[in-house]
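**Q** protein_19.txt is reproduced in full below (compact mmCIF, C-alpha atoms (C1' of nucleotides)).
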# COMPACT_ATOMS: atom_id res chain seq x y z
CA MET A 1 276.49 210.79 255.27
CA SER A 2 278.92 213.68 255.22
CA ASP A 3 278.67 213.61 251.43
CA LEU A 4 275.06 214.66 251.72
CA ALA A 5 275.99 217.73 253.72
CA LYS A 6 274.80 221.07 252.42
CA ASN A 7 278.20 222.55 251.63
CA ALA A 8 279.46 220.24 248.91
CA ASP A 9 282.34 220.99 246.60
CA ALA A 10 281.30 220.99 242.95
CA ARG A 11 283.79 218.20 242.29
CA MET A 12 282.22 216.05 244.95
CA VAL A 13 278.72 216.24 243.52
CA ARG A 14 280.12 215.49 240.06
CA SER A 15 282.12 212.50 241.26
CA ARG A 16 279.28 211.17 243.34
CA ALA A 17 276.77 211.50 240.51
CA ALA A 18 279.14 209.74 238.10
CA ILE A 19 279.69 206.91 240.57
CA VAL A 20 275.99 206.43 241.24
CA ASP A 21 275.02 206.51 237.57
CA SER A 22 277.79 204.18 236.45
CA SER A 23 277.21 201.79 239.33
CA ILE A 24 273.56 201.34 238.47
CA THR A 25 274.38 200.54 234.86
CA LEU A 26 277.42 198.39 235.59
CA LEU A 27 276.07 196.42 238.54
CA LEU A 28 272.93 195.69 236.56
CA GLN A 29 275.07 194.11 233.85
CA ASN A 30 277.52 192.49 236.23
CA PRO A 31 276.54 192.36 239.92
CA GLY A 32 279.97 190.96 240.77
CA ALA A 33 281.86 193.96 239.43
CA SER A 34 284.80 195.01 241.61
CA MET A 35 285.40 198.44 243.06
CA SER A 36 288.17 198.92 240.51
CA GLU A 37 285.79 198.23 237.65
CA ILE A 38 283.21 200.57 239.14
CA ALA A 39 285.82 203.32 239.48
CA VAL A 40 286.92 202.89 235.86
CA ALA A 41 283.32 202.90 234.65
CA ALA A 42 282.64 206.07 236.60
CA GLY A 43 285.81 207.72 235.28
CA VAL A 44 287.05 208.26 238.79
CA GLY A 45 290.11 207.14 240.74
CA ARG A 46 289.72 204.13 242.98
CA ALA A 47 290.74 206.20 245.99
CA THR A 48 288.00 208.70 245.22
CA LEU A 49 285.47 205.89 245.04
CA TYR A 50 286.49 204.82 248.55
CA ARG A 51 286.29 208.42 249.76
CA HIS A 52 282.62 208.49 248.75
CA PHE A 53 281.67 204.95 249.77
CA GLU A 54 283.50 203.18 252.54
CA THR A 55 282.84 199.66 251.23
CA LYS A 56 281.14 198.00 248.34
CA GLU A 57 278.35 196.90 250.63
CA ALA A 58 277.81 200.50 251.69
CA LEU A 59 277.81 201.58 248.06
CA VAL A 60 275.11 199.12 247.07
CA GLN A 61 273.00 199.98 250.08
CA GLU A 62 273.31 203.74 249.66
CA ILE A 63 272.49 203.53 245.95
CA SER A 64 269.56 201.25 246.73
CA LEU A 65 268.28 203.81 249.16
CA LEU A 66 268.67 206.51 246.51
CA CYS A 67 266.74 204.41 244.01
CA LEU A 68 263.97 203.82 246.51
CA GLN A 69 263.81 207.50 247.37
CA GLU A 70 263.71 208.46 243.69
CA THR A 71 260.81 206.15 242.92
CA GLU A 72 259.09 207.28 246.10
CA ALA A 73 259.52 210.91 245.12
CA ALA A 74 258.32 210.28 241.57
CA LEU A 75 255.16 208.60 242.79
CA GLY A 76 254.67 210.91 245.75
CA GLN A 77 254.33 214.09 243.74
CA LEU A 78 251.55 212.73 241.55
CA ASP A 79 248.05 213.79 242.34
CA MET A 80 246.43 210.43 242.27
CA PRO A 81 243.20 209.76 240.38
CA GLU A 82 240.08 208.60 242.19
CA LEU A 83 240.06 205.06 240.85
CA ALA A 84 242.71 202.66 242.13
CA LEU A 85 243.12 201.13 238.68
CA ASP A 86 244.01 204.54 237.25
CA GLN A 87 246.44 205.00 240.11
CA ILE A 88 248.16 201.75 239.22
CA LYS A 89 248.34 202.70 235.56
CA LEU A 90 249.78 206.09 236.47
CA CYS A 91 252.40 204.41 238.62
CA ILE A 92 253.49 202.27 235.69
CA VAL A 93 253.67 205.33 233.44
CA HIS A 94 255.92 207.18 235.86
CA LEU A 95 257.96 204.17 236.94
CA MET A 96 258.89 203.05 233.42
CA PRO A 97 261.32 205.91 232.66
CA MET A 98 263.20 205.07 235.86
CA ALA A 99 262.75 201.32 235.61
CA ASN A 100 266.49 200.75 235.71
CA ARG A 101 266.34 202.02 239.30
CA TYR A 102 263.58 199.54 239.93
CA SER A 103 265.52 196.73 238.27
CA PHE A 104 268.61 197.63 240.27
CA LEU A 105 266.67 197.12 243.46
CA LEU A 106 265.15 193.88 242.27
CA ASN A 107 268.38 192.35 241.01
CA LEU A 108 270.67 193.48 243.83
CA TRP A 109 268.20 192.99 246.59
CA SER A 110 270.19 190.27 248.33
CA GLU A 111 273.04 192.76 248.78
CA ALA A 112 270.90 195.84 249.32
CA SER A 113 268.73 194.31 251.98
CA GLY A 114 270.19 194.28 255.45
CA SER A 115 270.25 198.00 255.94
CA ALA A 116 267.36 198.84 258.26
CA GLN A 117 266.77 202.10 256.42
CA VAL A 118 266.58 200.41 253.02
CA ASP A 119 264.28 197.72 254.33
CA ALA A 120 261.98 200.28 255.92
CA VAL A 121 261.49 202.32 252.75
CA TYR A 122 261.08 199.16 250.71
CA ILE A 123 258.41 197.74 252.99
CA ASP A 124 256.62 201.07 252.80
CA GLN A 125 256.54 201.03 249.00
CA LEU A 126 255.38 197.42 248.88
CA TYR A 127 252.64 198.35 251.30
CA LYS A 128 251.45 201.24 249.15
CA LEU A 129 251.33 199.08 246.03
CA ALA A 130 249.50 196.33 247.89
CA ASN A 131 247.01 198.91 249.12
CA MET A 132 246.28 200.17 245.63
CA ILE A 133 245.72 196.62 244.44
CA GLU A 134 243.38 195.79 247.30
CA GLN A 135 241.44 198.95 246.66
CA ALA A 136 241.21 198.06 242.97
CA LYS A 137 239.89 194.65 243.99
CA VAL A 138 237.13 196.35 245.97
CA GLU A 139 236.37 198.62 243.02
CA GLY A 140 236.09 195.53 240.83
CA SER A 141 238.90 196.41 238.41
CA ILE A 142 241.40 193.82 239.68
CA ARG A 143 240.54 190.16 240.12
CA ALA A 144 239.70 189.46 243.74
CA ASP A 145 240.46 185.75 243.46
CA LEU A 146 244.21 186.34 243.21
CA ASP A 147 246.42 186.78 246.25
CA THR A 148 247.57 190.40 246.53
CA GLU A 149 251.09 189.27 247.29
CA TRP A 150 251.16 187.36 244.02
CA ILE A 151 249.90 190.38 242.11
CA VAL A 152 252.57 192.57 243.69
CA ALA A 153 255.27 190.06 242.78
CA HIS A 154 253.85 189.87 239.28
CA PHE A 155 253.86 193.66 239.00
CA ASP A 156 257.51 193.86 240.04
CA GLY A 157 258.58 191.08 237.72
CA LEU A 158 256.69 192.52 234.81
CA LEU A 159 258.17 195.98 235.26
CA ASN A 160 261.63 194.46 235.39
CA ASN A 161 260.88 192.39 232.32
CA ALA A 162 259.46 195.35 230.45
CA TRP A 163 262.57 197.37 231.14
CA TRP A 164 264.89 194.67 229.80
CA TYR A 165 262.69 194.27 226.76
CA LYS A 166 262.71 198.02 226.17
CA THR A 167 266.49 198.30 226.33
CA LYS A 168 266.93 195.22 224.17
CA LYS A 169 264.56 196.36 221.44
CA GLY A 170 265.19 200.08 221.81
CA LEU A 171 261.51 200.87 222.34
CA SER A 172 260.15 204.11 223.74
CA ASP A 173 258.95 204.40 227.32
CA GLU A 174 255.43 205.02 226.05
CA ALA A 175 255.32 201.91 223.90
CA VAL A 176 256.60 199.55 226.56
CA THR A 177 254.39 201.19 229.17
CA GLN A 178 251.32 200.37 227.11
CA LEU A 179 252.66 196.86 226.57
CA MET A 180 253.06 196.33 230.28
CA ILE A 181 249.68 197.76 231.32
CA ASN A 182 248.06 195.68 228.65
CA THR A 183 249.80 192.44 229.55
CA PHE A 184 249.44 193.05 233.27
CA LEU A 185 245.70 193.51 233.11
CA ALA A 186 244.63 191.31 230.21
CA GLY A 187 247.35 188.66 229.90
CA VAL A 188 248.29 187.21 226.56
CA GLY A 189 245.29 184.95 226.00
CA ALA A 190 242.81 185.83 223.27
CA ASN A 191 239.79 184.23 224.89
CA GLU A 192 238.30 183.73 228.31
CA ILE A 193 239.58 180.64 230.02
CA MET B 1 283.40 164.97 230.01
CA SER B 2 285.22 161.96 231.40
CA ASP B 3 282.88 162.05 234.36
CA LEU B 4 280.05 161.13 232.08
CA ALA B 5 281.81 157.98 230.98
CA LYS B 6 279.90 154.76 231.35
CA ASN B 7 282.09 153.17 234.03
CA ALA B 8 281.61 155.54 236.95
CA ASP B 9 282.56 154.76 240.50
CA ALA B 10 279.58 154.95 242.88
CA ARG B 11 281.39 157.64 244.84
CA MET B 12 281.79 159.74 241.73
CA VAL B 13 278.11 159.74 240.82
CA ARG B 14 277.26 160.60 244.44
CA SER B 15 279.73 163.46 244.62
CA ARG B 16 278.74 164.79 241.26
CA ALA B 17 275.04 164.69 242.07
CA ALA B 18 275.62 166.43 245.39
CA ILE B 19 277.69 169.13 243.70
CA VAL B 20 275.13 169.73 240.97
CA ASP B 21 272.19 169.85 243.36
CA SER B 22 273.89 172.11 245.88
CA SER B 23 275.26 174.40 243.20
CA ILE B 24 271.83 175.03 241.74
CA THR B 25 270.43 175.92 245.14
CA LEU B 26 273.42 177.91 246.33
CA LEU B 27 274.16 179.83 243.14
CA LEU B 28 270.51 180.76 242.88
CA GLN B 29 270.73 182.35 246.33
CA ASN B 30 274.20 183.79 245.84
CA PRO B 31 275.57 183.82 242.29
CA GLY B 32 278.91 185.04 243.58
CA ALA B 33 279.50 182.02 245.79
CA SER B 34 283.09 180.78 245.75
CA MET B 35 284.23 177.25 244.98
CA SER B 36 284.92 176.76 248.68
CA GLU B 37 281.37 177.67 249.58
CA ILE B 38 280.02 175.37 246.89
CA ALA B 39 282.18 172.51 248.18
CA VAL B 40 280.96 173.04 251.73
CA ALA B 41 277.34 173.22 250.60
CA ALA B 42 277.77 170.01 248.63
CA GLY B 43 279.48 168.30 251.54
CA VAL B 44 282.57 167.43 249.54
CA GLY B 45 286.19 168.49 249.73
CA ARG B 46 287.31 171.41 247.64
CA ALA B 47 289.80 169.17 245.85
CA THR B 48 287.00 166.84 244.86
CA LEU B 49 285.02 169.74 243.48
CA TYR B 50 287.97 170.62 241.26
CA ARG B 51 288.31 166.98 240.20
CA HIS B 52 284.76 167.13 238.84
CA PHE B 53 284.77 170.65 237.42
CA GLU B 54 288.00 172.23 236.25
CA THR B 55 286.90 175.81 236.90
CA LYS B 56 283.91 177.68 238.22
CA GLU B 57 283.08 178.82 234.72
CA ALA B 58 283.06 175.19 233.57
CA LEU B 59 280.86 174.25 236.51
CA VAL B 60 278.24 176.87 235.70
CA GLN B 61 278.27 175.99 232.03
CA GLU B 62 278.05 172.23 232.57
CA ILE B 63 275.23 172.62 235.07
CA SER B 64 273.46 174.99 232.72
CA LEU B 65 273.72 172.41 229.99
CA LEU B 66 272.33 169.79 232.36
CA CYS B 67 269.41 172.04 233.24
CA LEU B 68 268.69 172.68 229.59
CA GLN B 69 268.88 168.99 228.78
CA GLU B 70 266.58 168.14 231.68
CA THR B 71 263.92 170.59 230.60
CA GLU B 72 264.33 169.46 227.01
CA ALA B 73 263.93 165.83 228.05
CA ALA B 74 260.90 166.60 230.22
CA LEU B 75 259.17 168.39 227.37
CA GLY B 76 260.40 166.04 224.67
CA GLN B 77 258.81 162.91 226.07
CA LEU B 78 255.33 164.45 226.20
CA ASP B 79 252.91 163.52 223.49
CA MET B 80 251.75 166.94 222.62
CA PRO B 81 248.06 167.80 222.25
CA GLU B 82 246.70 169.07 218.98
CA LEU B 83 246.03 172.61 220.09
CA ALA B 84 249.03 174.87 220.64
CA LEU B 85 247.39 176.45 223.69
CA ASP B 86 247.13 173.03 225.33
CA GLN B 87 250.76 172.42 224.44
CA ILE B 88 251.77 175.61 226.20
CA LYS B 89 249.72 174.72 229.26
CA LEU B 90 251.24 171.25 229.33
CA CYS B 91 254.71 172.77 229.15
CA ILE B 92 253.97 174.93 232.18
CA VAL B 93 252.65 171.91 234.07
CA HIS B 94 255.81 169.92 233.43
CA LEU B 95 258.22 172.81 233.77
CA MET B 96 256.97 173.97 237.17
CA PRO B 97 258.36 171.03 239.20
CA MET B 98 261.78 171.75 237.71
CA ALA B 99 261.44 175.51 237.70
CA ASN B 100 264.54 175.94 239.82
CA ARG B 101 266.46 174.59 236.81
CA TYR B 102 264.73 177.17 234.69
CA SER B 103 265.45 179.93 237.18
CA PHE B 104 269.08 178.85 237.37
CA LEU B 105 269.40 179.35 233.65
CA LEU B 106 267.64 182.68 233.73
CA ASN B 107 269.59 184.11 236.64
CA LEU B 108 273.04 182.81 235.71
CA TRP B 109 272.69 183.33 232.01
CA SER B 110 275.47 185.90 231.80
CA GLU B 111 277.90 183.28 233.11
CA ALA B 112 276.34 180.27 231.41
CA SER B 113 276.23 181.80 227.99
CA GLY B 114 279.45 181.66 226.04
CA SER B 115 279.59 177.92 225.64
CA ALA B 116 278.57 177.16 222.10
CA GLN B 117 276.83 173.98 223.22
CA VAL B 118 274.78 175.78 225.87
CA ASP B 119 273.83 178.54 223.48
CA ALA B 120 272.76 176.05 220.82
CA VAL B 121 270.39 174.13 223.10
CA TYR B 122 269.05 177.38 224.53
CA ILE B 123 268.30 178.85 221.13
CA ASP B 124 266.57 175.63 220.21
CA GLN B 125 264.27 175.77 223.24
CA LEU B 126 263.45 179.43 222.69
CA TYR B 127 262.63 178.58 219.10
CA LYS B 128 260.25 175.79 220.11
CA LEU B 129 258.43 178.01 222.58
CA ALA B 130 258.18 180.81 220.05
CA ASN B 131 256.77 178.33 217.55
CA MET B 132 254.07 177.16 219.95
CA ILE B 133 253.09 180.75 220.62
CA GLU B 134 252.93 181.64 216.94
CA GLN B 135 250.83 178.56 216.27
CA ALA B 136 248.52 179.52 219.12
CA LYS B 137 248.20 182.96 217.56
CA VAL B 138 247.05 181.36 214.33
CA GLU B 139 244.62 179.18 216.24
CA GLY B 140 243.25 182.28 217.89
CA SER B 141 244.04 181.36 221.49
CA ILE B 142 246.91 183.81 221.95
CA ARG B 143 246.65 187.50 221.14
CA ALA B 144 248.12 188.16 217.73
CA ASP B 145 248.74 191.85 218.43
CA LEU B 146 251.59 191.09 220.84
CA ASP B 147 255.15 190.53 219.69
CA THR B 148 256.08 186.85 220.07
CA GLU B 149 259.43 187.83 221.55
CA TRP B 150 257.64 189.80 224.25
CA ILE B 151 255.38 186.86 225.03
CA VAL B 152 258.37 184.53 225.30
CA ALA B 153 260.12 186.94 227.65
CA HIS B 154 256.92 187.23 229.64
CA PHE B 155 256.60 183.45 229.83
CA ASP B 156 260.15 183.08 231.13
CA GLY B 157 259.77 185.86 233.65
CA LEU B 158 256.47 184.54 234.89
CA LEU B 159 257.80 181.01 235.35
CA ASN B 160 260.72 182.39 237.31
CA ASN B 161 258.42 184.55 239.37
CA ALA B 162 256.03 181.67 240.01
CA TRP B 163 258.86 179.51 241.29
CA TRP B 164 260.07 182.14 243.75
CA TYR B 165 256.52 182.67 244.91
CA LYS B 166 256.03 178.94 245.33
CA THR B 167 259.17 178.49 247.44
CA LYS B 168 258.38 181.59 249.48
CA LYS B 169 254.82 180.59 250.28
CA GLY B 170 255.38 176.84 250.32
CA LEU B 171 252.69 176.20 247.71
CA SER B 172 252.27 172.99 245.74
CA ASP B 173 253.39 172.69 242.13
CA GLU B 174 249.77 172.24 241.09
CA ALA B 175 248.56 175.39 242.81
CA VAL B 176 251.25 177.66 241.42
CA THR B 177 250.93 176.07 237.99
CA GLN B 178 247.28 177.05 237.87
CA LEU B 179 248.20 180.50 239.14
CA MET B 180 250.72 180.96 236.36
CA ILE B 181 248.53 179.65 233.54
CA ASN B 182 245.74 181.83 234.77
CA THR B 183 247.82 184.97 235.09
CA PHE B 184 249.70 184.32 231.88
CA LEU B 185 246.56 184.03 229.80
CA ALA B 186 244.09 186.30 231.54
CA GLY B 187 246.20 188.84 233.41
CA VAL B 188 245.08 190.31 236.69
CA GLY B 189 242.39 192.69 235.41
CA ALA B 190 238.76 191.95 236.13
CA ASN B 191 237.32 193.66 233.08
CA GLU B 192 238.10 194.14 229.43
CA ILE B 193 240.32 197.13 228.81
C1' DG C 1 290.49 139.53 250.41
C1' DT C 2 292.92 142.33 247.33
C1' DA C 3 293.83 145.77 244.09
C1' DA C 4 292.24 149.96 242.19
C1' DT C 5 290.61 154.48 242.84
C1' DA C 6 287.98 158.38 244.59
C1' DT C 7 288.20 161.09 248.55
C1' DG C 8 289.48 164.64 252.36
C1' DA C 9 292.86 167.26 254.37
C1' DT C 10 296.43 170.03 253.58
C1' DA C 11 300.01 172.76 251.63
C1' DC C 12 301.28 175.74 248.02
C1' DA C 13 301.92 179.53 244.49
C1' DA C 14 299.89 183.05 241.84
C1' DG C 15 296.53 186.22 241.16
C1' DT C 16 293.05 189.42 242.60
C1' DA C 17 290.10 192.34 245.71
C1' DT C 18 289.88 195.16 249.65
C1' DG C 19 290.73 199.04 252.37
C1' DT C 20 294.24 202.50 254.02
C1' DC C 21 297.59 205.81 253.33
C1' DT C 22 300.56 209.45 251.27
C1' DC C 23 301.61 213.21 248.20
C1' DA C 24 301.81 216.20 244.30
C1' DA C 25 298.60 218.41 241.11
C1' DA C 26 294.27 220.33 239.86
C1' DA C 27 290.08 222.60 240.82
C1' DA C 28 287.08 225.22 243.60
C1' DA C 29 286.24 228.64 247.17
C1' DA C 30 287.59 232.75 249.64
C1' DT D 1 295.55 235.69 244.24
C1' DT D 2 295.65 232.85 248.00
C1' DT D 3 293.85 229.24 250.59
C1' DT D 4 291.32 225.25 251.05
C1' DT D 5 289.81 220.95 249.47
C1' DT D 6 289.15 217.26 246.26
C1' DT D 7 291.32 214.43 243.19
C1' DG D 8 294.38 210.75 240.82
C1' DA D 9 298.20 207.85 241.05
C1' DG D 10 300.44 204.77 243.44
C1' DA D 11 302.39 202.06 247.35
C1' DC D 12 301.08 198.94 250.80
C1' DA D 13 299.31 195.15 253.87
C1' DT D 14 295.77 191.88 254.30
C1' DA D 15 292.74 188.63 253.02
C1' DC D 16 290.46 185.86 249.83
C1' DT D 17 290.07 183.02 245.63
C1' DT D 18 291.89 180.04 242.33
C1' DG D 19 293.94 176.01 240.59
C1' DT D 20 297.49 172.31 241.38
C1' DA D 21 299.76 168.79 243.85
C1' DT D 22 300.58 165.33 247.51
C1' DC D 23 299.41 161.59 250.55
C1' DA D 24 297.15 158.77 253.82
C1' DT D 25 292.45 156.94 254.30
C1' DA D 26 288.23 154.88 253.05
C1' DT D 27 285.29 153.11 249.73
C1' DT D 28 284.42 150.49 245.82
C1' DA D 29 285.01 146.94 242.25
C1' DC D 30 286.79 142.59 241.19
Would you give me this structure, written as structure tokens?

**A**
Amino acid sequence: MSDLAKNADARMVRSRAAIVDSSITLLLQNPGASMSEIAVAAGVGRATLYRHFETKEALVQEISLLCLQETEAALGQLDMPELALDQIKLCIVHLMPMANRYSFLLNLWSEASGSAQVDAVYIDQLYKLANMIEQAKVEGSIRADLDTEWIVAHFDGLLNNAWWYKTKKGLSDEAVTQLMINTFLAGVGANEI
Amino acid sequence: MSDLAKNADARMVRSRAAIVDSSITLLLQNPGASMSEIAVAAGVGRATLYRHFETKEALVQEISLLCLQETEAALGQLDMPELALDQIKLCIVHLMPMANRYSFLLNLWSEASGSAQVDAVYIDQLYKLANMIEQAKVEGSIRADLDTEWIVAHFDGLLNNAWWYKTKKGLSDEAVTQLMINTFLAGVGANEI
DNA sequence: GTAATATGATACAAGTATGTCTCAAAAAAA
DNA sequence: TTTTTTTGAGACATACTTGTATCATATTAC
């Protein structure tokens, strides 16, 4: 709230950035991490952590909102291709480098959800993705026999999976992006079924 | 340990079953649930919970081992078809009804892992799945250009995803099994890429 | 029916997490 | 430089969680 005000001390933006970054990494590894652990990971005093985020619940929700806004911004500034399939591919390309944000949302959703603001932005993003998929169905590039909701869930899960696989194997964003697009569209089967 | 002994009081097997069942459901919703919450969910006293499981860590690990043994037993008693692809399909068919066990393992792995026994059984199952996939590659039914480790991760993620989708939409095991096999093998794209 | 035993309720001690507060020191702003 | 503001360290009260122990009750096995 007040932290987002225009006149921010240089120390405040540094502290806040360190807290946000460290929290995403730490809470992804251990969602049950305490405020003390978060403060240590961020290299910040525990009191400072509480000055920036009143409670742990507020911290998770505010960071979730940030993550949502970041992905929204990243996708919003693209000039989208004509074909919905190309739009979806482009989304994957631009989402992959920030997939830890995406994974954070997915894995901490039970704690993040509850804030009306977070829910609103989330619903909006789901809606956009669902729209692209439905359009791609009409254009004949996505199978029309599958429920859109299932495809959206599959998309989310696959992006999360791809990010874990990338970090585990130390692959480049480009490589794992291709892997995901490929698996998403064509599956792993060699033949028609 | 001693709870597994042959001469078990009827009350003990009831309590234990209630604890195991409730824990799987509850910890899947809220991995940070306390022992008190677990006891309430299981409908047993907190003291009884501690009589059956010395610590929360022990509880998670013992239940994880149970889940692994259940899936192992379910797959072990199948007489496997000749073709590896049919084996994989059959695994999905038999895993889906117990996919909450599978999801439990996936989602609580950071807490379950650490027990040598759990790790051993887990590695064994991963190995078997990887073997089926490699055999299917040789038989030409699974794409040979994809890393087996990626396919295994994809399989796990998809099964987890399918289970959530099933519970959310109230679908039958059969319906979501077909959905998963279909998506796993053919992806969601309508055309070749 | 009787003896054995698992159970629930409860109390307890120790440890940990949370959130608030104060104050001297350091860093930024003026 | 001087003033303002953030910071870190720590104290503090509260609440929660953990794990153990006790004891009367109810269920089970015999």

**Q** Residues of chain D that have any atom at most 8 Å from an atom of chain B: could you tabulate them with the shortest-distance atom pair and the distance in Å to one decimal, using all atoms listed in the file, ordered by chain and increasing number, as JSON lines?

**A**
{"residue": "D:DT17", "atom": "C1'", "partner": "B:Ser34", "partner_atom": "CA", "distance": 7.3}
{"residue": "D:DG19", "atom": "C1'", "partner": "B:Thr55", "partner_atom": "CA", "distance": 8.0}
{"residue": "D:DT27", "atom": "C1'", "partner": "B:Arg11", "partner_atom": "CA", "distance": 7.7}
{"residue": "D:DT28", "atom": "C1'", "partner": "B:Asp9", "partner_atom": "CA", "distance": 7.1}

**Q** Would you mind listing what lies within 9 Å of Glu174 of chain A as a PDB file with C-alpha atoms, keeping the file's coordinate frame, with all atoms listed in the file counted and same-chain residues fewer than 5 positions away left out?

**A**
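This went into result.pdb:
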ATOM      1  CA  VAL A  93     253.670 205.330 233.440  1.00  0.00           C
ATOM      2  CA  MET A  96     258.890 203.050 233.420  1.00  0.00           C
ATOM      3  CA  PRO A  97     261.320 205.910 232.660  1.00  0.00           C
ATOM      4  CA  LEU A 179     252.660 196.860 226.570  1.00  0.00           C
TER       5      LEU A 179
END

**Q** If I put a ball of radius 10 Å at (247.4, 201.7, 242.3) in the file's coordinates, which residues poke into it when counting only C-alpha atoms (C1' of nucleotides), written as a list in words?

**A**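 Neighbouring residues, ordered by chain and number, come to Met80, Pro81, Leu83, Ala84, Leu85, Asp86, Gln87, Ile88, Lys89, Leu90, Cys91, Ile92, Lys128, Leu129, Ala130, Asn131, Met132, Ile133, Glu134, Gln135 and Ala136 of chain A.
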
**Q** Take the selection from the previous step and output its residues with C-alpha atoms, as a tab-separated table (two decimals), in the coordinates of the input.

**A**
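New file again_34.tsv:
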chain	number	residue	atom	x	y	z
A	80	MET	CA	246.43	210.43	242.27
A	81	PRO	CA	243.20	209.76	240.38
A	83	LEU	CA	240.06	205.06	240.85
A	84	ALA	CA	242.71	202.66	242.13
A	85	LEU	CA	243.12	201.13	238.68
A	86	ASP	CA	244.01	204.54	237.25
A	87	GLN	CA	246.44	205.00	240.11
A	88	ILE	CA	248.16	201.75	239.22
A	89	LYS	CA	248.34	202.70	235.56
A	90	LEU	CA	249.78	206.09	236.47
A	91	CYS	CA	252.40	204.41	238.62
A	92	ILE	CA	253.49	202.27	235.69
A	128	LYS	CA	251.45	201.24	249.15
A	129	LEU	CA	251.33	199.08	246.03
A	130	ALA	CA	249.50	196.33	247.89
A	131	ASN	CA	247.01	198.91	249.12
A	132	MET	CA	246.28	200.17	245.63
A	133	ILE	CA	245.72	196.62	244.44
A	134	GLU	CA	243.38	195.79	247.30
A	135	GLN	CA	241.44	198.95	246.66
A	136	ALA	CA	241.21	198.06	242.97

**Q** In Å, with one decimal, what is the gap from atom CA of Ala162 of chain A to atom CA of Gly114 of chain A?

**A**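 So the two atoms, atom CA of Ala162 of chain A and atom CA of Gly114 of chain A, lie 27.2 Å apart.
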
**Q** Excluding Ser22 of chain A and residues on its chain fewer than 2 positions from it, collect all residues at most 9 Å away from it, counting only C-alpha atoms (C1' of nucleotides), and give them as a list in words.

**A** Ala17, Ala18, Ile19, Val20, Ile24, Thr25, Leu26, Leu27, Ile38, Ala39, Ala41, Ala42 and Gly43 of chain A

**Q** Which residues of chain B come within 7 Å of chain C, and what is each one's closest atom pair and distance in Å (one decimal), counting only C-alpha atoms (C1' of nucleotides), sorted by chain and residue number, as JSON lines?

**A**
{"residue": "B:Arg11", "atom": "CA", "partner": "C:DA6", "partner_atom": "C1'", "distance": 6.6}
{"residue": "B:Met12", "atom": "CA", "partner": "C:DA6", "partner_atom": "C1'", "distance": 7.0}
{"residue": "B:Gly45", "atom": "CA", "partner": "C:DG8", "partner_atom": "C1'", "distance": 5.7}
{"residue": "B:Thr48", "atom": "CA", "partner": "C:DT7", "partner_atom": "C1'", "distance": 6.9}

**Q** What residues in chain A lie within 9 Å of chain B, counting all atoms listed in the file, written as a PyMOL selection string?

**A** chain A and resi 29-32+110+137+140-144+146+149-151+153-154+157-158+160-162+165+179+182-193

**Q** Emit the selected residues as a PDB file, in the coordinates of the input, including C-alpha atoms.

**A**
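Full text of part.pdb as output:
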ATOM      1  CA  GLN A  29     275.070 194.110 233.850  1.00  0.00           C
ATOM      2  CA  ASN A  30     277.520 192.490 236.230  1.00  0.00           C
ATOM      3  CA  PRO A  31     276.540 192.360 239.920  1.00  0.00           C
ATOM      4  CA  GLY A  32     279.970 190.960 240.770  1.00  0.00           C
ATOM      5  CA  SER A 110     270.190 190.270 248.330  1.00  0.00           C
ATOM      6  CA  LYS A 137     239.890 194.650 243.990  1.00  0.00           C
ATOM      7  CA  GLY A 140     236.090 195.530 240.830  1.00  0.00           C
ATOM      8  CA  SER A 141     238.900 196.410 238.410  1.00  0.00           C
ATOM      9  CA  ILE A 142     241.400 193.820 239.680  1.00  0.00           C
ATOM     10  CA  ARG A 143     240.540 190.160 240.120  1.00  0.00           C
ATOM     11  CA  ALA A 144     239.700 189.460 243.740  1.00  0.00           C
ATOM     12  CA  LEU A 146     244.210 186.340 243.210  1.00  0.00           C
ATOM     13  CA  GLU A 149     251.090 189.270 247.290  1.00  0.00           C
ATOM     14  CA  TRP A 150     251.160 187.360 244.020  1.00  0.00           C
ATOM     15  CA  ILE A 151     249.900 190.380 242.110  1.00  0.00           C
ATOM     16  CA  ALA A 153     255.270 190.060 242.780  1.00  0.00           C
ATOM     17  CA  HIS A 154     253.850 189.870 239.280  1.00  0.00           C
ATOM     18  CA  GLY A 157     258.580 191.080 237.720  1.00  0.00           C
ATOM     19  CA  LEU A 158     256.690 192.520 234.810  1.00  0.00           C
ATOM     20  CA  ASN A 160     261.630 194.460 235.390  1.00  0.00           C
ATOM     21  CA  ASN A 161     260.880 192.390 232.320  1.00  0.00           C
ATOM     22  CA  ALA A 162     259.460 195.350 230.450  1.00  0.00           C
ATOM     23  CA  TYR A 165     262.690 194.270 226.760  1.00  0.00           C
ATOM     24  CA  LEU A 179     252.660 196.860 226.570  1.00  0.00           C
ATOM     25  CA  ASN A 182     248.060 195.680 228.650  1.00  0.00           C
ATOM     26  CA  THR A 183     249.800 192.440 229.550  1.00  0.00           C
ATOM     27  CA  PHE A 184     249.440 193.050 233.270  1.00  0.00           C
ATOM     28  CA  LEU A 185     245.700 193.510 233.110  1.00  0.00           C
ATOM     29  CA  ALA A 186     244.630 191.310 230.210  1.00  0.00           C
ATOM     30  CA  GLY A 187     247.350 188.660 229.900  1.00  0.00           C
ATOM     31  CA  VAL A 188     248.290 187.210 226.560  1.00  0.00           C
ATOM     32  CA  GLY A 189     245.290 184.950 226.000  1.00  0.00           C
ATOM     33  CA  ALA A 190     242.810 185.830 223.270  1.00  0.00           C
ATOM     34  CA  ASN A 191     239.790 184.230 224.890  1.00  0.00           C
ATOM     35  CA  GLU A 192     238.300 183.730 228.310  1.00  0.00           C
ATOM     36  CA  ILE A 193     239.580 180.640 230.020  1.00  0.00           C
TER      37      ILE A 193
END
